[in-house]
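Shown next: entry06.csv, containing CSV, N, CA and C atoms.
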```csv
chain,number,residue,atom,x,y,z
B,18,MET,N,30.8,-4.1,-32.2
B,18,MET,CA,30.3,-5.5,-32.3
B,18,MET,C,29.1,-5.6,-31.4
B,19,ARG,N,28.0,-6.2,-31.9
B,19,ARG,CA,26.8,-6.3,-31.1
B,19,ARG,C,26.7,-7.7,-30.5
B,20,ILE,N,26.4,-7.8,-29.2
B,20,ILE,CA,26.2,-9.1,-28.6
B,20,ILE,C,24.8,-9.5,-28.6
B,21,ARG,N,24.5,-10.7,-29.0
B,21,ARG,CA,23.1,-11.1,-29.0
B,21,ARG,C,22.6,-11.5,-27.6
B,22,GLY,N,21.4,-11.2,-27.3
B,22,GLY,CA,20.8,-11.4,-26.0
B,22,GLY,C,20.5,-12.8,-25.7
B,23,GLY,N,20.0,-13.6,-26.5
B,23,GLY,CA,19.6,-15.0,-26.4
B,23,GLY,C,19.7,-15.7,-25.0
B,24,ASP,N,20.0,-16.9,-25.0
B,24,ASP,CA,20.1,-17.7,-23.8
B,24,ASP,C,21.6,-17.6,-23.3
B,25,ALA,N,21.7,-16.7,-22.3
B,25,ALA,CA,23.1,-16.5,-21.8
B,25,ALA,C,23.3,-17.5,-20.6
B,26,SER,N,24.4,-18.3,-20.8
B,26,SER,CA,24.8,-19.2,-19.7
B,26,SER,C,26.3,-19.0,-19.5
B,27,SER,N,26.7,-19.2,-18.2
B,27,SER,CA,28.1,-19.1,-17.9
B,27,SER,C,28.9,-20.2,-18.6
B,28,LEU,N,30.1,-19.8,-18.9
B,28,LEU,CA,31.0,-20.8,-19.5
B,28,LEU,C,31.2,-22.0,-18.7
B,29,ALA,N,31.3,-21.9,-17.4
B,29,ALA,CA,31.5,-23.0,-16.5
B,29,ALA,C,30.3,-23.9,-16.5
B,30,LYS,N,29.1,-23.4,-16.6
B,30,LYS,CA,27.9,-24.2,-16.7
B,30,LYS,C,27.8,-25.0,-18.0
B,31,VAL,N,28.2,-24.3,-19.1
B,31,VAL,CA,28.2,-24.9,-20.4
B,31,VAL,C,29.2,-26.1,-20.5
B,32,LEU,N,30.4,-25.8,-20.0
B,32,LEU,CA,31.4,-26.9,-20.0
B,32,LEU,C,31.0,-28.0,-19.1
B,33,GLY,N,30.5,-27.7,-17.9
B,33,GLY,CA,30.0,-28.8,-17.0
B,33,GLY,C,28.9,-29.6,-17.7
B,34,ASP,N,28.0,-29.0,-18.4
B,34,ASP,CA,27.0,-29.8,-19.1
B,34,ASP,C,27.6,-30.6,-20.2
B,35,LEU,N,28.6,-30.1,-20.9
B,35,LEU,CA,29.3,-31.0,-21.9
B,35,LEU,C,30.0,-32.2,-21.3
B,36,VAL,N,30.6,-31.9,-20.2
B,36,VAL,CA,31.3,-33.0,-19.5
B,36,VAL,C,30.3,-34.1,-19.1
B,37,GLU,N,29.2,-33.7,-18.6
B,37,GLU,CA,28.2,-34.7,-18.2
B,37,GLU,C,27.5,-35.4,-19.4
B,38,ALA,N,27.3,-34.6,-20.5
B,38,ALA,CA,26.6,-35.2,-21.7
B,38,ALA,C,27.5,-36.2,-22.3
B,39,TYR,N,28.8,-36.0,-22.4
B,39,TYR,CA,29.7,-36.9,-23.0
B,39,TYR,C,30.4,-37.9,-22.1
B,40,LYS,N,29.9,-37.9,-20.8
B,40,LYS,CA,30.3,-38.9,-19.8
B,40,LYS,C,31.9,-38.8,-19.6
B,41,LEU,N,32.4,-37.6,-19.5
B,41,LEU,CA,33.8,-37.4,-19.3
B,41,LEU,C,34.2,-37.2,-17.8
B,42,ARG,N,33.3,-37.2,-16.9
B,42,ARG,CA,33.6,-37.0,-15.5
B,42,ARG,C,34.6,-38.0,-15.0
B,43,ALA,N,34.3,-39.3,-15.2
B,43,ALA,CA,35.2,-40.3,-14.6
B,43,ALA,C,36.6,-40.3,-15.2
B,44,PRO,N,36.8,-40.1,-16.5
B,44,PRO,CA,38.2,-40.0,-17.1
B,44,PRO,C,38.9,-38.8,-16.6
B,45,LEU,N,38.2,-37.7,-16.4
B,45,LEU,CA,38.8,-36.4,-15.9
B,45,LEU,C,39.2,-36.6,-14.5
B,46,ASP,N,38.4,-37.2,-13.7
B,46,ASP,CA,38.7,-37.5,-12.3
B,46,ASP,C,39.9,-38.4,-12.2
B,47,GLU,N,40.0,-39.4,-13.1
B,47,GLU,CA,41.2,-40.3,-13.0
B,47,GLU,C,42.5,-39.5,-13.4
B,48,VAL,N,42.4,-38.6,-14.3
B,48,VAL,CA,43.6,-37.8,-14.7
B,48,VAL,C,44.0,-36.9,-13.5
B,49,ARG,N,43.0,-36.3,-12.8
B,49,ARG,CA,43.2,-35.5,-11.7
B,49,ARG,C,43.9,-36.3,-10.5
B,50,MET,N,43.4,-37.5,-10.3
B,50,MET,CA,43.9,-38.4,-9.3
B,50,MET,C,45.4,-38.7,-9.6
B,51,ARG,N,45.7,-39.0,-10.9
B,51,ARG,CA,47.0,-39.4,-11.2
B,51,ARG,C,48.0,-38.2,-11.0
B,52,SER,N,47.6,-37.0,-11.3
B,52,SER,CA,48.5,-35.9,-11.1
B,52,SER,C,48.6,-35.6,-9.6
B,53,CYS,N,47.5,-35.8,-8.8
B,53,CYS,CA,47.6,-35.7,-7.4
B,53,CYS,C,48.5,-36.7,-6.8
B,54,TRP,N,48.5,-37.9,-7.3
B,54,TRP,CA,49.3,-39.0,-6.8
B,54,TRP,C,50.8,-38.6,-6.9
B,55,ASP,N,51.2,-38.2,-8.1
B,55,ASP,CA,52.5,-37.8,-8.3
B,55,ASP,C,53.0,-36.7,-7.4
B,56,GLY,N,52.1,-35.7,-7.2
B,56,GLY,CA,52.4,-34.6,-6.3
B,56,GLY,C,52.4,-34.9,-4.8
B,57,LEU,N,51.5,-35.7,-4.4
B,57,LEU,CA,51.4,-36.1,-3.0
B,57,LEU,C,52.5,-37.1,-2.5
B,58,MET,N,52.8,-38.1,-3.4
B,58,MET,CA,53.7,-39.1,-3.0
B,58,MET,C,55.1,-38.8,-3.2
B,59,GLY,N,55.4,-37.8,-4.1
B,59,GLY,CA,56.8,-37.4,-4.3
B,59,GLY,C,57.4,-38.2,-5.5
B,60,GLU,N,58.6,-37.7,-5.8
B,60,GLU,CA,59.2,-38.3,-7.0
B,60,GLU,C,59.7,-39.7,-6.8
B,61,SER,N,60.1,-40.1,-5.6
B,61,SER,CA,60.6,-41.5,-5.5
B,61,SER,C,59.5,-42.5,-5.6
B,62,VAL,N,58.3,-42.2,-5.1
B,62,VAL,CA,57.1,-43.1,-5.2
B,62,VAL,C,56.6,-43.1,-6.6
B,63,ALA,N,56.5,-41.9,-7.2
B,63,ALA,CA,55.9,-41.7,-8.5
B,63,ALA,C,56.8,-42.4,-9.5
B,64,SER,N,58.1,-42.4,-9.3
B,64,SER,CA,59.0,-43.1,-10.3
B,64,SER,C,58.8,-44.7,-10.2
B,65,ARG,N,58.4,-45.2,-9.0
B,65,ARG,CA,58.2,-46.6,-8.9
B,65,ARG,C,56.8,-47.1,-9.1
B,66,THR,N,55.9,-46.1,-9.5
B,66,THR,CA,54.5,-46.5,-9.8
B,66,THR,C,54.5,-46.9,-11.2
B,67,GLU,N,54.1,-48.2,-11.4
B,67,GLU,CA,54.1,-48.8,-12.8
B,67,GLU,C,52.8,-48.6,-13.5
B,68,SER,N,51.7,-48.7,-12.7
B,68,SER,CA,50.4,-48.5,-13.3
B,68,SER,C,49.4,-47.9,-12.3
B,69,PHE,N,48.4,-47.3,-12.8
B,69,PHE,CA,47.5,-46.5,-12.0
B,69,PHE,C,46.1,-46.7,-12.6
B,70,LEU,N,45.2,-47.3,-11.9
B,70,LEU,CA,43.8,-47.5,-12.5
B,70,LEU,C,42.7,-47.3,-11.5
B,71,VAL,N,41.8,-46.5,-11.9
B,71,VAL,CA,40.6,-46.2,-11.1
B,71,VAL,C,39.5,-47.0,-11.7
B,72,SER,N,38.9,-47.9,-10.9
B,72,SER,CA,37.7,-48.7,-11.3
B,72,SER,C,36.6,-48.5,-10.3
B,73,GLY,N,35.6,-47.8,-10.6
B,73,GLY,CA,34.5,-47.5,-9.7
B,73,GLY,C,35.1,-46.6,-8.5
B,74,GLN,N,35.0,-47.2,-7.3
B,74,GLN,CA,35.5,-46.5,-6.1
B,74,GLN,C,36.8,-47.1,-5.6
B,75,LYS,N,37.4,-47.9,-6.5
B,75,LYS,CA,38.7,-48.5,-6.1
B,75,LYS,C,39.8,-47.9,-6.9
B,76,LEU,N,40.9,-47.7,-6.3
B,76,LEU,CA,42.1,-47.3,-7.0
B,76,LEU,C,43.2,-48.4,-6.8
B,77,MET,N,43.6,-48.9,-8.0
B,77,MET,CA,44.6,-49.9,-8.0
B,77,MET,C,45.9,-49.4,-8.5
B,78,VAL,N,47.0,-49.5,-7.7
B,78,VAL,CA,48.3,-48.9,-8.0
B,78,VAL,C,49.3,-50.1,-8.0
B,79,ARG,N,50.0,-50.2,-9.1
B,79,ARG,CA,51.1,-51.2,-9.1
B,79,ARG,C,52.4,-50.5,-8.8
B,80,ILE,N,53.0,-51.0,-7.7
B,80,ILE,CA,54.3,-50.5,-7.2
B,80,ILE,C,55.3,-51.6,-7.4
B,81,GLY,N,56.5,-51.3,-8.0
B,81,GLY,CA,57.5,-52.3,-8.2
B,81,GLY,C,58.3,-52.8,-7.0
B,82,ASP,N,58.3,-52.0,-6.0
B,82,ASP,CA,59.1,-52.2,-4.8
B,82,ASP,C,58.2,-52.8,-3.7
B,83,ALA,N,58.5,-54.0,-3.2
B,83,ALA,CA,57.7,-54.6,-2.2
B,83,ALA,C,57.7,-53.9,-0.8
B,84,ALA,N,58.9,-53.4,-0.4
B,84,ALA,CA,59.0,-52.7,0.8
B,84,ALA,C,58.2,-51.4,0.8
B,85,LEU,N,58.3,-50.7,-0.3
B,85,LEU,CA,57.5,-49.5,-0.5
B,85,LEU,C,56.0,-49.7,-0.5
B,86,ARG,N,55.7,-50.8,-1.2
B,86,ARG,CA,54.3,-51.2,-1.3
B,86,ARG,C,53.7,-51.5,0.1
B,87,SER,N,54.4,-52.2,1.0
B,87,SER,CA,53.9,-52.5,2.3
B,87,SER,C,53.9,-51.2,3.2
B,88,GLU,N,54.8,-50.3,3.0
B,88,GLU,CA,54.8,-49.0,3.8
B,88,GLU,C,53.6,-48.2,3.4
B,89,LEU,N,53.3,-48.1,2.1
B,89,LEU,CA,52.2,-47.4,1.6
B,89,LEU,C,50.9,-48.0,2.1
B,90,HIS,N,50.9,-49.3,2.2
B,90,HIS,CA,49.7,-50.0,2.6
B,90,HIS,C,49.3,-49.6,4.1
B,91,LEU,N,50.3,-49.4,4.9
B,91,LEU,CA,50.1,-49.0,6.3
B,91,LEU,C,49.5,-47.6,6.4
B,92,ASN,N,49.7,-46.8,5.4
B,92,ASN,CA,49.2,-45.4,5.4
B,92,ASN,C,48.1,-45.2,4.4
B,93,GLN,N,47.4,-46.2,4.0
B,93,GLN,CA,46.4,-46.1,2.9
B,93,GLN,C,45.2,-45.2,3.3
B,94,THR,N,44.8,-45.2,4.6
B,94,THR,CA,43.7,-44.3,4.9
B,94,THR,C,44.0,-42.9,4.7
B,95,ASN,N,45.2,-42.5,5.1
B,95,ASN,CA,45.6,-41.1,4.9
B,95,ASN,C,45.8,-40.8,3.5
B,96,ILE,N,46.3,-41.7,2.7
B,96,ILE,CA,46.5,-41.5,1.3
B,96,ILE,C,45.2,-41.3,0.6
B,97,ILE,N,44.2,-42.1,0.9
B,97,ILE,CA,42.8,-42.0,0.3
B,97,ILE,C,42.2,-40.6,0.6
B,98,GLU,N,42.3,-40.1,1.9
B,98,GLU,CA,41.8,-38.8,2.2
B,98,GLU,C,42.5,-37.7,1.5
B,99,GLN,N,43.8,-37.8,1.4
B,99,GLN,CA,44.6,-36.7,0.7
B,99,GLN,C,44.3,-36.7,-0.8
B,100,LEU,N,44.2,-37.9,-1.4
B,100,LEU,CA,43.9,-38.0,-2.9
B,100,LEU,C,42.5,-37.4,-3.2
B,101,ASN,N,41.5,-37.8,-2.4
B,101,ASN,CA,40.1,-37.3,-2.6
B,101,ASN,C,40.1,-35.8,-2.4
B,102,ALA,N,40.8,-35.3,-1.4
B,102,ALA,CA,40.8,-33.8,-1.2
B,102,ALA,C,41.5,-33.1,-2.3
B,103,CYS,N,42.6,-33.6,-2.7
B,103,CYS,CA,43.4,-33.0,-3.8
B,103,CYS,C,42.7,-32.9,-5.1
B,104,ALA,N,42.1,-34.1,-5.5
B,104,ALA,CA,41.4,-34.2,-6.8
B,104,ALA,C,40.1,-33.5,-6.8
B,105,GLY,N,39.5,-33.2,-5.6
B,105,GLY,CA,38.2,-32.5,-5.5
B,105,GLY,C,37.1,-33.4,-6.0
B,106,VAL,N,37.2,-34.7,-5.8
B,106,VAL,CA,36.1,-35.6,-6.3
B,106,VAL,C,35.1,-35.8,-5.1
B,107,SER,N,33.9,-36.2,-5.5
B,107,SER,CA,32.9,-36.5,-4.5
B,107,SER,C,31.9,-37.5,-5.1
B,108,GLY,N,31.0,-38.0,-4.3
B,108,GLY,CA,30.0,-38.9,-4.7
B,108,GLY,C,30.5,-40.2,-5.2
B,109,ARG,N,30.0,-40.6,-6.3
B,109,ARG,CA,30.4,-42.0,-6.8
B,109,ARG,C,31.8,-42.1,-7.4
B,110,HIS,N,32.5,-40.9,-7.6
B,110,HIS,CA,33.8,-40.9,-8.1
B,110,HIS,C,34.9,-40.9,-7.0
B,111,ARG,N,34.4,-40.8,-5.8
B,111,ARG,CA,35.3,-40.7,-4.6
B,111,ARG,C,35.9,-42.1,-4.3
B,112,ILE,N,37.2,-42.1,-4.1
B,112,ILE,CA,37.9,-43.3,-3.8
B,112,ILE,C,37.7,-43.8,-2.4
B,113,THR,N,37.3,-45.1,-2.2
B,113,THR,CA,37.0,-45.6,-0.9
B,113,THR,C,38.0,-46.7,-0.6
B,114,ARG,N,38.6,-47.4,-1.6
B,114,ARG,CA,39.5,-48.5,-1.4
B,114,ARG,C,40.8,-48.2,-2.2
B,115,LEU,N,41.9,-48.6,-1.6
B,115,LEU,CA,43.2,-48.4,-2.3
B,115,LEU,C,43.9,-49.8,-2.3
B,116,LEU,N,44.2,-50.3,-3.4
B,116,LEU,CA,44.8,-51.6,-3.5
B,116,LEU,C,46.2,-51.4,-4.2
B,117,PHE,N,47.2,-52.0,-3.5
B,117,PHE,CA,48.6,-52.0,-4.0
B,117,PHE,C,48.9,-53.4,-4.6
B,118,ILE,N,49.2,-53.4,-5.8
B,118,ILE,CA,49.5,-54.7,-6.5
B,118,ILE,C,50.9,-54.8,-7.0
```
For the file at hand, write its structure as structure tokens.
Amino acid sequence: MRIRGGDASSLAKVLGDLVEAYKLRAPLDEVRMRSCWDGLMGESVASRTESFLVSGQKLMVRIGDAALRSELHLNQTNIIEQLNACAGVSGRHRITRLLFI
């Protein structure tokens, strides 16, 4: 089988260009954030998380238990740092505010 010489690009570059062209970066980052949330917070918090929404640089999480919500609110700075590090997001997709509703 003969390989054509043409414009050789790495697969990572081509996929990255497709993600940017179809504006899929924000939805993919939200999915990564959600999976990181479940992993970082553990099963007990993940099971009480009713909704999870990323809007700009804000993350809004609905927690059904008021006591748990207030405890998480006290640790929100650490949670934000861990989520951003786990999801590998940067720039405009980086979470700067965490709201528990």
Contacts of Leu116 of chain B at 5 Å (all atoms listed in the file; same-chain gap of 2+ positions) as a PyMOL selection string: chain B and resi 76-78+114+118
Nearest to Ile112 of chain B: which of B:Ser26, B:Gln74, B:Thr66, B:Gln99 is it, counting only C-alpha atoms?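 The closest residue to Ile112 of chain B is B:Gln74.
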Using all atoms listed in the file, which residues sit within 7 Å of Asp46 of chain B once same-chain residues fewer than 4 positions away are excluded, as a VMD selection string? chain B and resid 41 to 42 50 to 51 104 106
Please determine, counting only N, CA and C atoms, which residue among B:Lys75, B:Arg49, B:Lys30, B:Lys40 has the shortest atom-to-atom distance to Arg111 of chain B.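 Between B:Lys75, B:Arg49, B:Lys30, B:Lys40, the residue approaching Arg111 of chain B most closely is B:Lys75.
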Take atom CA of Leu57 of chain B and atom CA of Leu100 of chain B and report the distance between them in Å, one decimal.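 Atom CA of Leu57 of chain B sits 7.7 Å away from atom CA of Leu100 of chain B.
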What separation in Å, quoted to one decimal, exists between atom N of Val48 of chain B and atom C of Phe69 of chain B? 9.1 Å
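As for atom C of Ala63 of chain B and atom CA of Ala83 of chain B, they are spaced 14.2 Å apart.
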Could you pull out the residues in chain B that DSSP calls strand (DSSP E) from the backbone, as a PDB file with N, CA and C atoms, in the coordinates of the input?
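As a result, states_12.pdb now contains:
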```pdb
ATOM      1  N   THR B  66      55.900 -46.100  -9.500  1.00  0.00           N
ATOM      2  CA  THR B  66      54.500 -46.500  -9.800  1.00  0.00           C
ATOM      3  C   THR B  66      54.500 -46.900 -11.200  1.00  0.00           C
ATOM      4  N   GLU B  67      54.100 -48.200 -11.400  1.00  0.00           N
ATOM      5  CA  GLU B  67      54.100 -48.800 -12.800  1.00  0.00           C
ATOM      6  C   GLU B  67      52.800 -48.600 -13.500  1.00  0.00           C
ATOM      7  N   SER B  68      51.700 -48.700 -12.700  1.00  0.00           N
ATOM      8  CA  SER B  68      50.400 -48.500 -13.300  1.00  0.00           C
ATOM      9  C   SER B  68      49.400 -47.900 -12.300  1.00  0.00           C
ATOM     10  N   PHE B  69      48.400 -47.300 -12.800  1.00  0.00           N
ATOM     11  CA  PHE B  69      47.500 -46.500 -12.000  1.00  0.00           C
ATOM     12  C   PHE B  69      46.100 -46.700 -12.600  1.00  0.00           C
ATOM     13  N   LEU B  70      45.200 -47.300 -11.900  1.00  0.00           N
ATOM     14  CA  LEU B  70      43.800 -47.500 -12.500  1.00  0.00           C
ATOM     15  C   LEU B  70      42.700 -47.300 -11.500  1.00  0.00           C
ATOM     16  N   VAL B  71      41.800 -46.500 -11.900  1.00  0.00           N
ATOM     17  CA  VAL B  71      40.600 -46.200 -11.100  1.00  0.00           C
ATOM     18  C   VAL B  71      39.500 -47.000 -11.700  1.00  0.00           C
ATOM     19  N   SER B  72      38.900 -47.900 -10.900  1.00  0.00           N
ATOM     20  CA  SER B  72      37.700 -48.700 -11.300  1.00  0.00           C
ATOM     21  C   SER B  72      36.600 -48.500 -10.300  1.00  0.00           C
ATOM     22  N   LYS B  75      37.400 -47.900  -6.500  1.00  0.00           N
ATOM     23  CA  LYS B  75      38.700 -48.500  -6.100  1.00  0.00           C
ATOM     24  C   LYS B  75      39.800 -47.900  -6.900  1.00  0.00           C
ATOM     25  N   LEU B  76      40.900 -47.700  -6.300  1.00  0.00           N
ATOM     26  CA  LEU B  76      42.100 -47.300  -7.000  1.00  0.00           C
ATOM     27  C   LEU B  76      43.200 -48.400  -6.800  1.00  0.00           C
ATOM     28  N   MET B  77      43.600 -48.900  -8.000  1.00  0.00           N
ATOM     29  CA  MET B  77      44.600 -49.900  -8.000  1.00  0.00           C
ATOM     30  C   MET B  77      45.900 -49.400  -8.500  1.00  0.00           C
ATOM     31  N   VAL B  78      47.000 -49.500  -7.700  1.00  0.00           N
ATOM     32  CA  VAL B  78      48.300 -48.900  -8.000  1.00  0.00           C
ATOM     33  C   VAL B  78      49.300 -50.100  -8.000  1.00  0.00           C
ATOM     34  N   ARG B  79      50.000 -50.200  -9.100  1.00  0.00           N
ATOM     35  CA  ARG B  79      51.100 -51.200  -9.100  1.00  0.00           C
ATOM     36  C   ARG B  79      52.400 -50.500  -8.800  1.00  0.00           C
ATOM     37  N   ILE B  80      53.000 -51.000  -7.700  1.00  0.00           N
ATOM     38  CA  ILE B  80      54.300 -50.500  -7.200  1.00  0.00           C
ATOM     39  C   ILE B  80      55.300 -51.600  -7.400  1.00  0.00           C
ATOM     40  N   ARG B 114      38.600 -47.400  -1.600  1.00  0.00           N
ATOM     41  CA  ARG B 114      39.500 -48.500  -1.400  1.00  0.00           C
ATOM     42  C   ARG B 114      40.800 -48.200  -2.200  1.00  0.00           C
ATOM     43  N   LEU B 115      41.900 -48.600  -1.600  1.00  0.00           N
ATOM     44  CA  LEU B 115      43.200 -48.400  -2.300  1.00  0.00           C
ATOM     45  C   LEU B 115      43.900 -49.800  -2.300  1.00  0.00           C
ATOM     46  N   LEU B 116      44.200 -50.300  -3.400  1.00  0.00           N
ATOM     47  CA  LEU B 116      44.800 -51.600  -3.500  1.00  0.00           C
ATOM     48  C   LEU B 116      46.200 -51.400  -4.200  1.00  0.00           C
ATOM     49  N   PHE B 117      47.200 -52.000  -3.500  1.00  0.00           N
ATOM     50  CA  PHE B 117      48.600 -52.000  -4.000  1.00  0.00           C
ATOM     51  C   PHE B 117      48.900 -53.400  -4.600  1.00  0.00           C
TER      52      PHE B 117
END
```
Contacts of Gly81 of chain B at 8 Å (all atoms listed in the file; same-chain gap of 3+ positions) as a PyMOL selection string: chain B and resi 64-68+78+84-86+118
Give me every helix (DSSP H, G or I) residue in segment 85-116 of chain B, going by DSSP on the backbone, as a PyMOL selection string. chain B and resi 85-91+93-104+108-110
Rank B:Leu32, B:Gly59, B:Thr94, B:Arg109 by their smallest atom-to-atom distance to Val71 of chain B, using only C-alpha atoms, and report the top residue only.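 So, comparing all the options, the nearest one is B:Arg109.
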